[in-house]
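Just input.pdb here, PDB, C-alpha atoms and all ligand atoms:
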```pdb
ATOM      1  CA  MET A 139      36.974 108.640 136.682
ATOM      2  CA  SER A 140      36.426 104.948 135.926
ATOM      3  CA  PRO A 141      39.166 103.056 134.042
ATOM      4  CA  ARG A 142      36.409 101.308 132.122
ATOM      5  CA  GLY A 143      35.082 104.608 130.829
ATOM      6  CA  PHE A 144      38.518 105.725 129.770
ATOM      7  CA  SER A 145      39.299 102.599 127.795
ATOM      8  CA  TRP A 146      35.895 102.749 126.126
ATOM      9  CA  SER A 147      36.680 106.265 124.954
ATOM     10  CA  ALA A 148      39.991 105.123 123.515
ATOM     11  CA  ALA A 149      38.292 102.254 121.706
ATOM     12  CA  ALA A 150      35.609 104.582 120.369
ATOM     13  CA  ALA A 151      38.234 107.008 119.111
ATOM     14  CA  ALA A 152      40.066 104.219 117.310
ATOM     15  CA  LEU A 153      36.816 102.996 115.790
ATOM     16  CA  LEU A 154      35.910 106.497 114.690
ATOM     17  CA  LEU A 155      39.285 106.875 112.998
ATOM     18  CA  ALA A 156      38.779 103.581 111.172
ATOM     19  CA  LEU A 157      35.289 104.543 110.067
ATOM     20  CA  ALA A 158      36.415 107.975 108.989
ATOM     21  CA  ALA A 159      38.559 106.629 106.168
ATOM     22  CA  CYS A 160      36.928 107.235 102.821
ATOM     23  CA  ARG A 161      33.388 106.701 104.086
ATOM     24  CA  ALA A 162      30.089 108.471 103.588
ATOM     25  CA  PRO A 163      29.806 111.968 105.048
ATOM     26  CA  VAL A 164      28.627 112.590 108.584
ATOM     27  CA  ALA A 165      28.424 116.352 108.284
ATOM     28  CA  GLY A 166      25.248 118.117 109.350
ATOM     29  CA  PRO A 167      23.177 120.795 107.580
ATOM     30  CA  GLY A 168      25.288 123.626 106.221
ATOM     31  CA  GLU A 169      28.387 121.536 106.646
ATOM     32  CA  ALA A 170      30.504 119.359 104.421
ATOM     33  CA  GLU A 171      33.437 117.057 104.866
ATOM     34  CA  CYS A 172      36.834 117.693 103.405
ATOM     35  CA  PRO A 173      37.340 114.448 101.424
ATOM     36  CA  VAL A 174      41.094 114.731 101.731
ATOM     37  CA  CYS A 175      41.020 114.954 105.523
ATOM     38  CA  ARG A 176      38.396 112.211 105.704
ATOM     39  CA  CYS A 177      40.641 109.758 103.903
ATOM     40  CA  GLU A 178      43.563 110.672 106.089
ATOM     41  CA  GLY A 179      41.595 110.472 109.328
ATOM     42  CA  ASP A 180      42.342 114.100 110.112
ATOM     43  CA  LEU A 181      39.277 114.691 112.279
ATOM     44  CA  ALA A 182      40.417 118.083 113.498
ATOM     45  CA  CYS A 183      39.422 119.800 110.254
ATOM     46  CA  LEU A 184      37.227 117.098 108.767
ATOM     47  CA  VAL A 185      33.971 119.018 108.932
ATOM     48  CA  VAL A 186      33.925 122.373 107.189
ATOM     49  CA  ARG A 187      31.176 124.970 107.234
ATOM     50  CA  VAL A 188      29.906 125.625 103.732
ATOM     51  CA  GLU A 189      30.151 129.341 103.072
ATOM     52  CA  ALA A 190      30.501 131.511 100.005
ATOM     53  CA  ASP A 191      34.293 131.385 100.103
ATOM     54  CA  THR A 192      34.678 127.724 101.079
ATOM     55  CA  PRO A 193      37.121 126.019  98.699
ATOM     56  CA  ARG A 194      35.217 123.667  96.409
ATOM     57  CA  THR A 195      35.391 121.748  93.185
ATOM     58  CA  THR A 196      32.827 119.911  91.080
ATOM     59  CA  LEU A 197      33.473 116.435  89.751
ATOM     60  CA  ALA A 198      30.934 114.462  87.693
ATOM     61  CA  GLY A 199      28.160 116.760  88.866
ATOM     62  CA  VAL A 200      29.013 116.432  92.571
ATOM     63  CA  THR A 201      30.349 119.406  94.480
ATOM     64  CA  TYR A 202      33.054 118.720  97.055
ATOM     65  CA  HIS A 203      34.054 121.195  99.734
ATOM     66  CA  PHE A 204      37.457 121.422 101.358
ATOM     67  CA  CYS A 205      38.930 122.746 104.591
ATOM     68  CA  SER A 206      41.620 124.597 102.651
ATOM     69  CA  ASP A 207      42.924 125.393  99.187
ATOM     70  CA  ALA A 208      45.774 122.957  99.882
ATOM     71  CA  CYS A 209      43.322 120.076 100.264
ATOM     72  CA  ARG A 210      41.455 121.154  97.138
ATOM     73  CA  ALA A 211      44.669 121.133  95.133
ATOM     74  CA  ARG A 212      45.509 117.639  96.362
ATOM     75  CA  PHE A 213      42.002 116.407  95.507
ATOM     76  CA  GLU A 214      42.094 117.882  92.023
ATOM     77  CA  ALA A 215      45.496 116.306  91.390
ATOM     78  CA  ASP A 216      44.143 112.799  92.131
ATOM     79  CA  PRO A 217      40.383 112.720  92.876
ATOM     80  CA  GLN A 218      40.102 108.925  92.837
ATOM     81  CA  ALA A 219      42.402 108.658  95.822
ATOM     82  CA  PHE A 220      39.948 110.573  97.987
ATOM     83  CA  LEU A 221      36.503 109.500  96.797
ATOM     84  CA  PRO A 222      34.272 107.230  98.921
ATOM     85  CA  ARG A 223      34.174 103.641  97.783
TER      86      ARG A 223
HETATM   87 ZN    ZN B 301      41.216 119.050 104.376
END
```

Show me this structure written as structure tokens.
Amino acid sequence: MSPRGFSWSAAAAALLLALAACRAPVAGPGEAECPVCRCEGDLACLVVRVEADTPRTTLAGVTYHFCSDACRARFEADPQAFLPR
């Protein structure tokens, strides 16, 4: 219940949001990151489990997985907007 701890958490959350934008994946084994949600800092559905029916697309030999068909459609419409730089 320390105020210091609370403010640190808020700062960490803000930092995490900043780092989440269009950066390298942090997903673990068997997981992937939805590139659309990563760029938009939508951490709630950022990490997706890679399963047989997980929405995906392949671009220049790299397979990208998505949290939903909606995100896949947005990625396919403009991949450059969502790729890590
Ligand atoms: Zn998504």

Edge lengths and centre, in Å to one decimal, as AutoDock Vina command-line options: that's what I need for the box along x, y and z that holds all listed atoms of region 191-209 of chain A plus 3 Å on each side.
```
--center_x 37.0 --center_y 122.9 --center_z 96.1 --size_x 23.6 --size_y 22.9 --size_z 22.9
```

Would you name the residues within 6 Å of ligand ZN 301 (chain B), counting all atoms listed in the file, and put them as a compact mmCIF listing (two decimals) with C-alpha atoms, keeping the file's coordinate frame?
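So result_36.txt came out as:
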```txt
# COMPACT_ATOMS: atom_id res chain seq x y z
CA CYS A 172 36.83 117.69 103.40
CA VAL A 174 41.09 114.73 101.73
CA CYS A 175 41.02 114.95 105.52
CA PHE A 204 37.46 121.42 101.36
CA CYS A 205 38.93 122.75 104.59
CA SER A 206 41.62 124.60 102.65
CA CYS A 209 43.32 120.08 100.26
```

* Pairwise distance for CA of Arg187 (chain A) and CA of Ala208 (chain A), rounded to one decimal in Å ->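 Calculated distance between CA of Arg187 (chain A) and CA of Ala208 (chain A) is 16.5 Å.
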
* Quick one: residues within 12 Å of (36.4, 127.1, 99.8) (file frame), counting all atoms listed in the file, please, as a list in words. =>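 So the residues meeting the distance criterion are Glu169, Ala170, Glu171, Cys172, Val186, Arg187, Val188, Glu189, Ala190, Asp191, Thr192, Pro193, Arg194, Thr195, Thr196, Thr201, Tyr202, His203, Phe204, Cys205, Ser206, Asp207, Ala208, Cys209, Arg210 and Ala211 of chain A.
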
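In terms of minimum interatomic distance to Glu214 (chain A), A:Pro173 ranks closest within A:Pro173, A:Val185, A:Ser147, A:Pro167, counting all atoms listed in the file.
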
* Coordinates-based distance that separates CA of Leu221 (chain A) from CA of Ala198 (chain A) (Å, one decimal) ->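 For CA of Ala198 (chain A) relative to CA of Leu221 (chain A), the distance reads 11.8 Å.
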
* Asked: So how many Å separate CA of Ala215 (chain A) and CA of Ala182 (chain A), to one decimal?
  ->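 Separation of CA of Ala215 (chain A) and CA of Ala182 (chain A): 22.8 Å.
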
* To do: Please evaluate the PyMOL selection byres (((chain A and resi 220) around 9) and not hetatm) against the displayed coordinates and give the resulting residues as a PyMOL selection string.
  => chain A and resi 160+173-178+213+216-219+221-222
